[in-house]
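Participant: Sending over a structure as structure tokens; questions will come in a sec.
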Amino acid sequence: MCGITGVMYFEDREPTTAMLQQMTDVIVHRGPNDSGFWTDNRIGLGFRRLSVIDLKEGHQPLANEDDSVWIIFNGEIYNYKALRSMLQERGHQFRTQSDTEVIVHLYEEYGEECVKHMRGMFGFVIWDKKKKQLFGARDHFGIKPFYYHVNDRQFLFGSEIKSLLAADGMNRLIHTDSLLNYLTFQYVPEPNTMFHGIHKLPPGHTVKITFDGEMSIHKYWDPMFEPEERPFDEYVEQIRETLKDSVKLHMVSDVDRGCFLSSGIDSTAIATHMRNIEPIRTFSVGFEGANNETPIAAQTAATLGTEHYDKIITQDDFFGTMPKAIWHQDEPVADPSAIALYHVAKLAREHVTVVLSGEGADELFGGYRIYREPQSLRPIDQLPPSVKRMLNRFARMLPSSVKGRNYLLRGTTPLEERFLGNAKIFSEDMKAEVLRLDSEMLRNYKNPVQIAGDYYSKTQHLDPVSRMQYIDMNLWMPGDILMKADKMTMAHSLELRVPFLDKELFEVARRIPAKYRIANGTTKYIFRKAMEGIIPDPILNRPKLGFPVPLRDWMKGSMGDMVLEQIKSSGIEDYIDINAVERMLHKHRNGQGDYARRIWTIYIFALWHVTFMEELPKKVLAAY
């Protein structure tokens, strides 16, 4: 795992090593073992390395035999050995044992189609001296990040926004549309970022920049669900075999490996497969209280026979690491579990360099409870449109405390408007109350319903559950799940691998009918059946906990006051009505509603603003 960064100028000018040094120094946590630079007319490549495969020879930037193709690469290609053998049969000569060099020769063989042959996670850039073009790519699911900034003078890119901000002449401005969407999604949907002028290359996309600065972006893969009616047992067997194969491939490394272990089925499945191959270490964290899952994880570890480590995160631990975590995130991501992930990554890095984890299983196999909603709303969904409109008007007139009001509202609201992904923090009405932006801006930006609508328009042929999963595959997963997974583990120079997000396993999952995913009153039904006899029985049907951060209680205590004070002193009053935030905290404490997540979303934006839009205190900088 590594960090890449660089620049391409659109005029005859060679980048300085000093600037590339600035851009790579700021991401030293992504690669503490080595660094490298390469420059030529108009092009400069910078690299930080975390040594995982081919520890002696994997130095980058790396070139082909005649130095006509140069690459910097962040990620892992799990089928690189098979690709290497195929390329050798076609006459390609290799100087290293690295998967990086495989990409170089794969590009020579297939050009821009090389990405279709890779099974893994990646963000890379190739400079083709003969064609005088830069070619970049991001993996199928968006496991690895790829940021860029382009203007009429240059194309800047990197694994983290910090590298771009370290380049000469980069300005820091908030993208107000991104702020508006962040308040709903709790992250900024791709391709935008919270920074005006800085973008994310979306998952499954490539980018090409010609010598004169013409940029084109191409989509090479789409995580579309296409259910097929086939025997249930056939899918069960395919899941078992493909997951087993994926875990085996994801374990390839020349350093120590481990596994994150929660109380749920996903990480337990990964840990079980790993333990069947070799002795492993497992890691978990939890919070004090009824939802502490570390005892369950420890019991699972004992059953599997792993060397287990866990930690209880205190309130002081949690808030004490906020400044560092926000700095590493680059953008505000208001998912409280990101901080828990920061702590479990820190714990794991004390023992291993690579960890496997269960991210992606819910999106592939239908694991979120919200996916059961279409089934529960079916009685209303079957009513005539005129009756649904009448019920909707009636429900809106009812007090919010009336039982059944929310059910009526959701049942009479089209799926395209009620489901925008796993997080929906602020509605448009709520934003109008808390924002200090003019009403014209609130009316004319591309809002969350329109963003989700781009994906809903492609899935009209699918059932509601598959449509919801497709939304999460394109929005929630790269924007929240994978973003925090990459940034919180790389903060500790720990490589995270996600065997569920394997294109071969997705080929199985995308064809499974929804009736096999959501069945018998549970989620991931077919996956649970596939894991019978493989993982311990008590885990099979346990409800998903995730990282249940006790925000609701914390906001009612002294931490609520601390959060409010930090919001007030963060300099965001040009965007946020601080009095509105204070009213939310008052209502939360008086039992007039649960405002914890809304306050938290604004709090994360406030900390991000202090970190990236104002001068960082020297004592905070010293901690990085």
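Identifiers in this document derive from the order of the structure tokens: chains are assigned A, B, ..., residues are numbered from 1 separately in each chain, and ligands are numbered from 1 in order of occurrence.
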Considering only C-alpha atoms, return as a count of residues only whatever protein or nucleic-acid residues lie within 9 Å of A:Pro191, sequence-local ones (same chain, fewer than 3 positions apart) excluded.

Facilitator: 6

Participant: Let's see if you can do this: from backbone DSSP, list all helix (DSSP H, G or I) residues in stretch 282-517 of chain A, as a PyMOL selection string.

Facilitator: chain A and resi 294-304+315-320+322-329+337-349+361-365+369-376+378-381+385-397+405-411+415-418+428-434+439-444+448-456+464-474+476-490+503-509+514-517

Participant: Let me see the file: selected residues, C-alpha atoms, as a tab-separated table (two decimals), in the first residue's frame.

Facilitator:
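Saved the output as result.tsv:
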chain	number	residue	atom	x	y	z
A	294	THR	CA	-15.83	-6.89	22.28
A	295	PRO	CA	-16.91	-9.78	24.56
A	296	ILE	CA	-18.73	-11.41	21.63
A	297	ALA	CA	-15.76	-10.86	19.33
A	298	ALA	CA	-13.42	-12.34	21.95
A	299	GLN	CA	-15.67	-15.38	22.27
A	300	THR	CA	-15.66	-15.81	18.48
A	301	ALA	CA	-11.87	-15.48	18.42
A	302	ALA	CA	-11.56	-18.16	21.08
A	303	THR	CA	-13.79	-20.49	19.06
A	304	LEU	CA	-11.72	-19.89	15.93
A	315	GLN	CA	-15.12	9.04	25.73
A	316	ASP	CA	-11.77	10.80	26.22
A	317	ASP	CA	-10.08	8.44	23.75
A	318	PHE	CA	-12.76	9.14	21.18
A	319	PHE	CA	-12.73	12.92	21.34
A	320	GLY	CA	-8.98	13.10	21.93
A	322	MET	CA	-10.72	13.77	16.60
A	323	PRO	CA	-8.18	16.36	15.32
A	324	LYS	CA	-5.86	13.68	13.94
A	325	ALA	CA	-8.69	11.70	12.37
A	326	ILE	CA	-10.16	14.78	10.70
A	327	TRP	CA	-6.76	15.69	9.26
A	328	HIS	CA	-6.34	12.21	7.83
A	329	GLN	CA	-9.83	12.16	6.30
A	337	SER	CA	-17.73	4.80	13.35
A	338	ALA	CA	-14.77	6.31	11.48
A	339	ILE	CA	-13.23	7.22	14.83
A	340	ALA	CA	-13.72	3.67	16.11
A	341	LEU	CA	-12.03	2.43	12.93
A	342	TYR	CA	-9.14	4.79	13.62
A	343	HIS	CA	-8.65	3.10	17.00
A	344	VAL	CA	-8.91	-0.48	15.80
A	345	ALA	CA	-6.42	0.31	13.02
A	346	LYS	CA	-4.00	1.74	15.57
A	347	LEU	CA	-4.36	-1.41	17.66
A	348	ALA	CA	-3.79	-3.70	14.68
A	349	ARG	CA	-0.71	-1.79	13.46
A	361	ALA	CA	-20.81	-7.71	2.25
A	362	ASP	CA	-23.92	-5.67	3.08
A	363	GLU	CA	-23.93	-3.93	-0.29
A	364	LEU	CA	-23.39	-7.18	-2.21
A	365	PHE	CA	-25.78	-9.46	-0.36
A	369	ARG	CA	-32.15	-3.49	7.57
A	370	ILE	CA	-33.46	-0.67	5.36
A	371	TYR	CA	-33.44	-3.15	2.45
A	372	ARG	CA	-36.40	-4.87	4.12
A	373	GLU	CA	-38.48	-1.72	3.78
A	374	PRO	CA	-39.99	-2.44	0.33
A	375	GLN	CA	-41.38	-5.67	1.75
A	376	SER	CA	-42.93	-3.94	4.78
A	378	ARG	CA	-45.97	-3.50	0.09
A	379	PRO	CA	-49.55	-3.09	1.46
A	380	ILE	CA	-49.40	0.66	0.77
A	381	ASP	CA	-47.44	0.32	-2.45
A	385	PRO	CA	-51.83	6.50	-6.86
A	386	SER	CA	-54.76	8.76	-5.96
A	387	VAL	CA	-55.24	6.99	-2.62
A	388	LYS	CA	-51.51	7.23	-1.85
A	389	ARG	CA	-51.52	10.96	-2.54
A	390	MET	CA	-54.47	11.41	-0.17
A	391	LEU	CA	-52.76	9.35	2.55
A	392	ASN	CA	-49.58	11.36	2.11
A	393	ARG	CA	-51.42	14.66	2.63
A	394	PHE	CA	-53.19	13.20	5.67
A	395	ALA	CA	-49.94	11.92	7.23
A	396	ARG	CA	-48.26	15.32	6.84
A	397	MET	CA	-51.02	16.92	8.91
A	405	ARG	CA	-47.16	8.63	10.70
A	406	ASN	CA	-43.66	7.85	9.45
A	407	TYR	CA	-44.85	4.53	7.99
A	408	LEU	CA	-47.56	6.32	6.00
A	409	LEU	CA	-45.16	8.99	4.83
A	410	ARG	CA	-42.54	6.52	3.62
A	411	GLY	CA	-45.11	4.24	2.06
A	415	LEU	CA	-38.54	5.06	-3.57
A	416	GLU	CA	-36.48	7.55	-5.61
A	417	GLU	CA	-37.28	10.28	-3.10
A	418	ARG	CA	-37.27	8.40	0.20
A	428	GLU	CA	-34.08	20.23	2.48
A	429	ASP	CA	-36.41	21.95	4.98
A	430	MET	CA	-33.95	21.31	7.80
A	431	LYS	CA	-31.09	22.74	5.73
A	432	ALA	CA	-33.05	25.94	5.16
A	433	GLU	CA	-33.29	26.33	8.95
A	434	VAL	CA	-29.62	25.78	9.73
A	439	SER	CA	-32.38	30.80	-0.81
A	440	GLU	CA	-31.48	30.94	-4.51
A	441	MET	CA	-28.53	28.64	-3.88
A	442	LEU	CA	-30.72	26.20	-1.96
A	443	ARG	CA	-33.13	26.06	-4.89
A	444	ASN	CA	-30.68	25.69	-7.74
A	448	PRO	CA	-29.47	14.65	-3.20
A	449	VAL	CA	-32.64	13.44	-4.97
A	450	GLN	CA	-31.18	14.52	-8.33
A	451	ILE	CA	-27.81	12.89	-7.55
A	452	ALA	CA	-29.49	9.60	-6.61
A	453	GLY	CA	-31.78	10.02	-9.62
A	454	ASP	CA	-28.81	9.62	-11.97
A	455	TYR	CA	-28.47	6.06	-10.67
A	456	TYR	CA	-32.17	5.30	-10.28
A	464	PRO	CA	-36.72	-2.12	-5.28
A	465	VAL	CA	-34.12	-3.97	-3.19
A	466	SER	CA	-31.66	-4.22	-6.09
A	467	ARG	CA	-32.22	-0.56	-6.88
A	468	MET	CA	-31.42	0.38	-3.29
A	469	GLN	CA	-28.25	-1.73	-3.34
A	470	TYR	CA	-27.17	-0.07	-6.59
A	471	ILE	CA	-27.59	3.35	-4.97
A	472	ASP	CA	-25.41	2.26	-2.04
A	473	MET	CA	-22.81	0.69	-4.32
A	474	ASN	CA	-22.38	4.03	-6.12
A	476	TRP	CA	-22.70	5.19	0.26
A	477	MET	CA	-19.95	2.63	-0.24
A	478	PRO	CA	-17.27	4.78	-1.94
A	479	GLY	CA	-18.31	7.99	-0.18
A	480	ASP	CA	-18.49	6.66	3.37
A	481	ILE	CA	-17.54	3.01	3.89
A	482	LEU	CA	-14.43	2.85	1.71
A	483	MET	CA	-13.32	6.41	2.25
A	484	LYS	CA	-13.10	6.02	6.03
A	485	ALA	CA	-11.61	2.51	5.64
A	486	ASP	CA	-8.74	3.77	3.52
A	487	LYS	CA	-8.01	6.97	5.43
A	488	MET	CA	-8.32	5.60	8.97
A	489	THR	CA	-6.08	2.60	8.29
A	490	MET	CA	-3.52	4.50	6.23
A	503	LYS	CA	-15.07	-8.45	-8.98
A	504	GLU	CA	-15.44	-12.23	-9.27
A	505	LEU	CA	-17.50	-12.41	-6.07
A	506	PHE	CA	-19.63	-9.51	-7.28
A	507	GLU	CA	-20.31	-11.44	-10.48
A	508	VAL	CA	-21.96	-14.06	-8.29
A	509	ALA	CA	-23.75	-11.60	-5.99
A	514	ALA	CA	-33.76	-10.28	-4.21
A	515	LYS	CA	-36.01	-12.99	-2.74
A	516	TYR	CA	-32.85	-14.93	-1.81
A	517	ARG	CA	-31.18	-11.86	-0.26

Participant: Tell me, as a VMD selection string, which residues lie within 10 Å of A:Ile4, counting only C-alpha atoms; anything in the same chain fewer than 5 positions away does not count.

Facilitator: chain A and resid 23 to 24 27 30 to 31 35 to 36 45 to 49 60 to 61 71 to 74 123 to 125 145 to 146 157 to 160 163

Participant: Next, dump the selected residues to file, keeping only C-alpha atoms, as an mmCIF file, in the first residue's frame.

Facilitator:
data_model
loop_
_atom_site.group_PDB
_atom_site.id
_atom_site.type_symbol
_atom_site.label_atom_id
_atom_site.label_comp_id
_atom_site.auth_asym_id
_atom_site.auth_seq_id
_atom_site.Cartn_x
_atom_site.Cartn_y
_atom_site.Cartn_z
ATOM 1 C CA MET A 23 3.520 16.691 -2.056
ATOM 2 C CA THR A 24 4.904 13.358 -0.857
ATOM 3 C CA ILE A 27 1.472 11.666 2.975
ATOM 4 C CA ARG A 30 0.798 6.113 3.479
ATOM 5 C CA GLY A 31 4.320 4.888 2.832
ATOM 6 C CA SER A 35 10.018 7.353 -1.420
ATOM 7 C CA GLY A 36 10.795 8.089 -5.047
ATOM 8 C CA LEU A 45 5.787 11.651 -10.393
ATOM 9 C CA GLY A 46 6.077 11.272 -6.616
ATOM 10 C CA PHE A 47 5.706 8.159 -4.483
ATOM 11 C CA ARG A 48 5.625 6.935 -0.885
ATOM 12 C CA ARG A 49 5.873 3.194 -0.226
ATOM 13 C CA GLN A 60 8.693 3.346 -7.596
ATOM 14 C CA PRO A 61 8.359 5.215 -9.920
ATOM 15 C CA ILE A 71 4.108 4.131 -13.379
ATOM 16 C CA ILE A 72 3.269 5.035 -9.797
ATOM 17 C CA PHE A 73 0.759 2.688 -8.195
ATOM 18 C CA ASN A 74 -1.205 2.486 -4.946
ATOM 19 C CA GLY A 123 -5.201 3.942 -8.001
ATOM 20 C CA PHE A 124 -2.373 4.428 -10.482
ATOM 21 C CA VAL A 125 -0.943 6.800 -13.074
ATOM 22 C CA PRO A 145 -8.739 6.967 -3.672
ATOM 23 C CA PHE A 146 -7.768 9.143 -6.630
ATOM 24 C CA PHE A 157 -3.273 14.269 -8.809
ATOM 25 C CA GLY A 158 -2.777 12.258 -5.646
ATOM 26 C CA SER A 159 -3.967 9.585 -3.230
ATOM 27 C CA GLU A 160 -4.911 12.328 -0.777
ATOM 28 C CA SER A 163 -0.785 16.390 -1.602
#

Participant: My list of candidates is A:Ser262, A:Thr306, A:Asn276, A:Ser98. Which is closest to A:Asn291 when distances are computed with only C-alpha atoms?

Facilitator: A:Ser262

Participant: In terms of the shortest atom-to-atom distance over only C-alpha atoms, which of A:Pro384, A:Gly258, A:Pro15, A:Gly289 is closest to A:Ala167?

Facilitator: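 Selected residue with least distance to A:Ala167: A:Pro15.
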
Participant: Determine the nearest neighbour of A:Trp221 from the options A:Asp139, A:Asp310, A:Glu495, A:Asp128, counting only C-alpha atoms.

Facilitator: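 Nearest candidate to A:Trp221 out of A:Asp139, A:Asp310, A:Glu495, A:Asp128: A:Asp139.
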
Participant: So which residues touch A:Ala530 within 8 Å, counting only C-alpha atoms, skipping near sequence neighbours fewer than 5 positions away, as a list in words?

Facilitator: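 The neighbour list is Val236, Glu237, Ile239 and Arg240 of chain A.
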
Participant: Of the residues A:Asp574, A:Trp600, A:Ser401, A:Glu241, which is the one nearest to A:Gly560, using only C-alpha atoms?

Facilitator: A:Trp600

Participant: Kindly give the distance, in Å, that separates atom CA of A:His117 and atom CA of A:Glu65, rounded to a single decimal.

Facilitator: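 Going from atom CA of A:His117 over to atom CA of A:Glu65, I get 21.6 Å.
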
Participant: From a backbone DSSP assignment, name each residue in stretch 23-85 of chain A labelled strand (DSSP E or B), as a CSV table (one decimal) with N, CA, C and O atoms, in the first residue's frame.

Facilitator:
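What landed in out-v6.csv:
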chain,number,residue,atom,x,y,z
A,32,PRO,N,5.8,4.8,4.8
A,32,PRO,CA,6.9,5.2,5.6
A,32,PRO,C,8.2,4.5,5.2
A,32,PRO,O,9.3,4.9,5.7
A,34,ASP,N,9.7,4.0,2.0
A,34,ASP,CA,10.5,4.4,0.9
A,34,ASP,C,9.8,5.6,0.2
A,34,ASP,O,8.6,5.8,0.3
A,35,SER,N,10.6,6.3,-0.6
A,35,SER,CA,10.0,7.4,-1.4
A,35,SER,C,10.8,7.4,-2.7
A,35,SER,O,11.9,6.9,-2.9
A,36,GLY,N,10.1,8.0,-3.7
A,36,GLY,CA,10.8,8.1,-5.0
A,36,GLY,C,10.2,9.2,-5.9
A,36,GLY,O,9.0,9.6,-5.7
A,37,PHE,N,11.0,9.7,-6.8
A,37,PHE,CA,10.6,10.8,-7.7
A,37,PHE,C,11.1,10.6,-9.1
A,37,PHE,O,12.2,10.0,-9.3
A,38,TRP,N,10.4,11.0,-10.1
A,38,TRP,CA,10.9,11.0,-11.5
A,38,TRP,C,10.3,12.2,-12.2
A,38,TRP,O,9.1,12.5,-12.0
A,39,THR,N,11.1,12.9,-12.9
A,39,THR,CA,10.6,14.1,-13.6
A,39,THR,C,11.2,14.1,-15.1
A,39,THR,O,12.2,13.5,-15.4
A,40,ASP,N,10.4,14.7,-15.9
A,40,ASP,CA,10.8,14.9,-17.3
A,40,ASP,C,10.0,16.2,-17.8
A,40,ASP,O,9.3,16.8,-17.0
A,43,ILE,N,6.2,16.6,-16.9
A,43,ILE,CA,5.7,15.5,-16.0
A,43,ILE,C,6.5,15.3,-14.8
A,43,ILE,O,7.8,15.3,-14.8
A,44,GLY,N,5.9,15.1,-13.6
A,44,GLY,CA,6.6,14.8,-12.4
A,44,GLY,C,5.8,13.8,-11.6
A,44,GLY,O,4.6,14.0,-11.4
A,45,LEU,N,6.4,12.7,-11.1
A,45,LEU,CA,5.8,11.7,-10.4
A,45,LEU,C,6.4,11.5,-9.0
A,45,LEU,O,7.7,11.5,-8.9
A,46,GLY,N,5.6,11.4,-8.0
A,46,GLY,CA,6.1,11.3,-6.6
A,46,GLY,C,5.4,10.1,-6.0
A,46,GLY,O,4.3,9.7,-6.3
A,47,PHE,N,6.2,9.4,-5.0
A,47,PHE,CA,5.7,8.2,-4.5
A,47,PHE,C,6.2,8.0,-3.1
A,47,PHE,O,7.3,8.3,-2.7
A,48,ARG,N,5.3,7.4,-2.2
A,48,ARG,CA,5.6,6.9,-0.9
A,48,ARG,C,5.2,5.5,-0.8
A,48,ARG,O,4.2,5.1,-1.3
A,49,ARG,N,6.1,4.6,-0.2
A,49,ARG,CA,5.9,3.2,-0.2
A,49,ARG,C,5.7,2.6,1.2
A,49,ARG,O,6.5,2.8,2.1
A,62,LEU,N,8.4,3.3,-11.4
A,62,LEU,CA,9.0,2.1,-12.1
A,62,LEU,C,8.7,2.2,-13.6
A,62,LEU,O,7.6,2.7,-14.0
A,63,ALA,N,9.7,1.8,-14.4
A,63,ALA,CA,9.5,1.9,-15.8
A,63,ALA,C,9.7,0.5,-16.5
A,63,ALA,O,10.1,-0.4,-15.9
A,69,VAL,N,7.6,3.8,-20.6
A,69,VAL,CA,6.3,3.8,-19.8
A,69,VAL,C,6.7,3.8,-18.3
A,69,VAL,O,7.4,3.0,-17.9
A,70,TRP,N,6.2,4.8,-17.6
A,70,TRP,CA,6.5,5.0,-16.2
A,70,TRP,C,5.2,4.9,-15.4
A,70,TRP,O,4.1,5.4,-15.9
A,71,ILE,N,5.3,4.3,-14.2
A,71,ILE,CA,4.1,4.1,-13.4
A,71,ILE,C,4.4,4.5,-11.9
A,71,ILE,O,5.5,4.3,-11.4
A,72,ILE,N,3.4,5.0,-11.3
A,72,ILE,CA,3.3,5.0,-9.8
A,72,ILE,C,1.9,4.4,-9.5
A,72,ILE,O,0.9,4.7,-10.1
A,73,PHE,N,1.9,3.6,-8.4
A,73,PHE,CA,0.8,2.7,-8.2
A,73,PHE,C,0.5,2.5,-6.7
A,73,PHE,O,1.4,2.3,-5.9
A,74,ASN,N,-0.8,2.7,-6.3
A,74,ASN,CA,-1.2,2.5,-4.9
A,74,ASN,C,-2.2,1.4,-5.0
A,74,ASN,O,-3.3,1.5,-5.6
A,75,GLY,N,-2.0,0.3,-4.2
A,75,GLY,CA,-3.0,-0.8,-4.2
A,75,GLY,C,-2.3,-2.2,-4.2
A,75,GLY,O,-1.1,-2.3,-4.0
A,76,GLU,N,-3.1,-3.2,-4.6
A,76,GLU,CA,-2.7,-4.5,-4.7
A,76,GLU,C,-3.4,-5.2,-5.9
A,76,GLU,O,-4.7,-5.0,-5.9
A,77,ILE,N,-2.7,-5.9,-6.7
A,77,ILE,CA,-3.4,-6.7,-7.8
A,77,ILE,C,-3.3,-8.1,-7.4
A,77,ILE,O,-2.2,-8.7,-7.4

Participant: Could you tell me how far atom CA of A:Ile425 lies from atom CA of A:Arg597, in Å and to one decimal?

Facilitator: 6.9 Å

Participant: Find the spatial neighbours of A:Asn151, counting only C-alpha atoms, within a cut-off of 10 Å - ignore same-chain residues fewer than 2 positions away - and output them as a PyMOL selection string.

Facilitator: chain A and resi 9-10+149+153-156+197+213

Participant: So how far away is atom CA of A:Gly169 from atom CA of A:Thr17, in Å?

Facilitator: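 Distance between the two atoms: 15.9 Å.
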
Participant: So that I can check the surroundings of A:Asp553, please list as a ChimeraX atom specification every protein, DNA and RNA residue that reaches within 10 Å of it, counting only C-alpha atoms and ignoring chain neighbours fewer than 6 positions away.

Facilitator: /A:559-560,588-589,596

Participant: Would you save the residues from that selection as a tab-separated table (two decimals), in the first residue's frame, using all heavy atoms?

Facilitator:
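Once written, part.tsv looks like this:
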chain	number	residue	atom	x	y	z
A	559	MET	N	-20.12	16.60	27.09
A	559	MET	CA	-19.54	16.60	25.75
A	559	MET	C	-20.39	17.41	24.77
A	559	MET	O	-19.87	17.96	23.81
A	559	MET	CB	-19.35	15.16	25.25
A	559	MET	CG	-18.11	14.49	25.80
A	559	MET	SD	-16.61	15.40	25.38
A	559	MET	CE	-15.41	14.61	26.45
A	560	GLY	N	-21.68	17.46	25.01
A	560	GLY	CA	-22.54	18.28	24.17
A	560	GLY	C	-22.15	19.75	24.26
A	560	GLY	O	-22.12	20.47	23.24
A	588	HIS	N	-32.62	18.31	21.92
A	588	HIS	CA	-32.09	16.96	22.14
A	588	HIS	C	-32.07	16.64	23.64
A	588	HIS	O	-32.46	15.55	24.06
A	588	HIS	CB	-30.68	16.85	21.56
A	588	HIS	CG	-30.06	15.50	21.69
A	588	HIS	ND1	-30.42	14.43	20.90
A	588	HIS	CD2	-29.12	15.02	22.55
A	588	HIS	CE1	-29.73	13.36	21.26
A	588	HIS	NE2	-28.93	13.69	22.27
A	589	ARG	N	-31.63	17.60	24.44
A	589	ARG	CA	-31.51	17.38	25.87
A	589	ARG	C	-32.87	17.36	26.57
A	589	ARG	O	-33.03	16.75	27.62
A	589	ARG	CB	-30.63	18.46	26.48
A	589	ARG	CG	-29.16	18.25	26.14
A	589	ARG	CD	-28.31	19.40	26.62
A	589	ARG	NE	-26.91	19.01	26.65
A	589	ARG	CZ	-25.91	19.86	26.91
A	589	ARG	NH1	-26.17	21.13	27.14
A	589	ARG	NH2	-24.66	19.42	26.91
A	596	ALA	N	-28.78	14.11	17.68
A	596	ALA	CA	-27.35	13.83	17.85
A	596	ALA	C	-26.60	13.78	16.52
A	596	ALA	O	-25.54	14.37	16.36
A	596	ALA	CB	-27.15	12.52	18.62

Participant: Could you give me, as a ChimeraX atom specification, the residues within 12 Å of A:Ser216, counting only C-alpha atoms and dropping anything in the same chain fewer than 4 positions from it?

Facilitator: /A:133-137,150,201,205-210

Participant: Just write the chosen residues, all heavy atoms, as a CSV table (one decimal), in the first residue's frame.

Facilitator:
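Written out: again.csv:
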chain,number,residue,atom,x,y,z
A,133,GLN,N,1.1,11.0,-23.3
A,133,GLN,CA,-0.1,11.1,-22.5
A,133,GLN,C,0.0,10.5,-21.2
A,133,GLN,O,0.7,9.6,-20.9
A,133,GLN,CB,-1.3,10.5,-23.3
A,133,GLN,CG,-1.3,9.0,-23.3
A,133,GLN,CD,-2.5,8.4,-24.0
A,133,GLN,OE1,-3.1,9.0,-24.9
A,133,GLN,NE2,-2.9,7.2,-23.6
A,134,LEU,N,-0.8,11.1,-20.3
A,134,LEU,CA,-0.9,10.5,-18.9
A,134,LEU,C,-2.2,9.7,-18.8
A,134,LEU,O,-3.3,10.1,-19.3
A,134,LEU,CB,-1.0,11.7,-17.9
A,134,LEU,CG,-0.7,11.3,-16.4
A,134,LEU,CD1,0.8,11.1,-16.2
A,134,LEU,CD2,-1.2,12.5,-15.5
A,135,PHE,N,-2.1,8.5,-18.3
A,135,PHE,CA,-3.3,7.6,-18.1
A,135,PHE,C,-3.4,7.2,-16.7
A,135,PHE,O,-2.5,6.7,-16.1
A,135,PHE,CB,-3.1,6.4,-19.0
A,135,PHE,CG,-4.2,5.3,-18.8
A,135,PHE,CD1,-5.5,5.6,-19.3
A,135,PHE,CD2,-3.9,4.1,-18.2
A,135,PHE,CE1,-6.5,4.6,-19.1
A,135,PHE,CE2,-4.9,3.2,-18.0
A,135,PHE,CZ,-6.2,3.4,-18.5
A,136,GLY,N,-4.6,7.5,-16.1
A,136,GLY,CA,-4.8,7.1,-14.7
A,136,GLY,C,-6.0,6.3,-14.5
A,136,GLY,O,-6.9,6.2,-15.4
A,137,ALA,N,-6.1,5.5,-13.4
A,137,ALA,CA,-7.3,4.6,-13.2
A,137,ALA,C,-7.5,4.4,-11.7
A,137,ALA,O,-6.6,4.5,-10.9
A,137,ALA,CB,-7.0,3.3,-13.9
A,150,VAL,N,-7.6,20.1,-12.1
A,150,VAL,CA,-7.1,20.5,-13.5
A,150,VAL,C,-7.5,22.0,-13.7
A,150,VAL,O,-8.6,22.4,-13.4
A,150,VAL,CB,-7.7,19.5,-14.5
A,150,VAL,CG1,-9.2,19.6,-14.6
A,150,VAL,CG2,-7.1,19.8,-15.9
A,201,LEU,N,-11.8,11.0,-9.0
A,201,LEU,CA,-12.0,10.1,-10.1
A,201,LEU,C,-13.0,9.0,-9.6
A,201,LEU,O,-12.7,8.3,-8.6
A,201,LEU,CB,-10.8,9.5,-10.6
A,201,LEU,CG,-10.9,8.6,-11.9
A,201,LEU,CD1,-11.3,9.4,-13.1
A,201,LEU,CD2,-9.6,7.8,-12.1
A,205,HIS,N,-13.5,4.0,-13.2
A,205,HIS,CA,-13.2,5.0,-14.2
A,205,HIS,C,-11.7,5.2,-14.5
A,205,HIS,O,-10.9,4.9,-13.6
A,205,HIS,CB,-13.8,6.4,-13.8
A,205,HIS,CG,-15.2,6.5,-14.0
A,205,HIS,ND1,-16.1,5.8,-13.2
A,205,HIS,CD2,-16.0,7.3,-14.8
A,205,HIS,CE1,-17.4,6.2,-13.6
A,205,HIS,NE2,-17.3,7.1,-14.6
A,206,THR,N,-11.4,5.6,-15.7
A,206,THR,CA,-10.1,5.9,-16.1
A,206,THR,C,-10.0,7.4,-16.6
A,206,THR,O,-11.1,8.0,-16.9
A,206,THR,CB,-9.5,5.1,-17.2
A,206,THR,OG1,-10.4,5.2,-18.4
A,206,THR,CG2,-9.5,3.6,-16.8
A,207,VAL,N,-8.9,8.0,-16.5
A,207,VAL,CA,-8.7,9.4,-17.0
A,207,VAL,C,-7.5,9.5,-17.9
A,207,VAL,O,-6.5,8.8,-17.6
A,207,VAL,CB,-8.6,10.4,-15.8
A,207,VAL,CG1,-7.4,10.0,-14.9
A,207,VAL,CG2,-8.5,11.8,-16.3
A,208,LYS,N,-7.6,10.2,-19.0
A,208,LYS,CA,-6.5,10.4,-19.9
A,208,LYS,C,-6.3,11.9,-20.2
A,208,LYS,O,-7.3,12.6,-20.4
A,208,LYS,CB,-6.8,9.7,-21.2
A,208,LYS,CG,-5.7,9.8,-22.3
A,208,LYS,CD,-6.0,8.8,-23.4
A,208,LYS,CE,-7.2,9.2,-24.2
A,208,LYS,NZ,-7.4,8.4,-25.4
A,209,ILE,N,-5.1,12.3,-20.1
A,209,ILE,CA,-4.7,13.7,-20.4
A,209,ILE,C,-3.7,13.8,-21.5
A,209,ILE,O,-2.6,13.1,-21.3
A,209,ILE,CB,-4.2,14.4,-19.1
A,209,ILE,CG1,-5.2,14.3,-18.0
A,209,ILE,CG2,-3.9,15.9,-19.4
A,209,ILE,CD1,-5.0,13.1,-17.1
A,210,THR,N,-4.0,14.4,-22.5
A,210,THR,CA,-3.0,14.5,-23.7
A,210,THR,C,-2.0,15.6,-23.4
A,210,THR,O,-2.1,16.4,-22.4
A,210,THR,CB,-3.8,14.9,-25.0
A,210,THR,OG1,-4.4,16.2,-24.8
A,210,THR,CG2,-4.9,13.9,-25.3
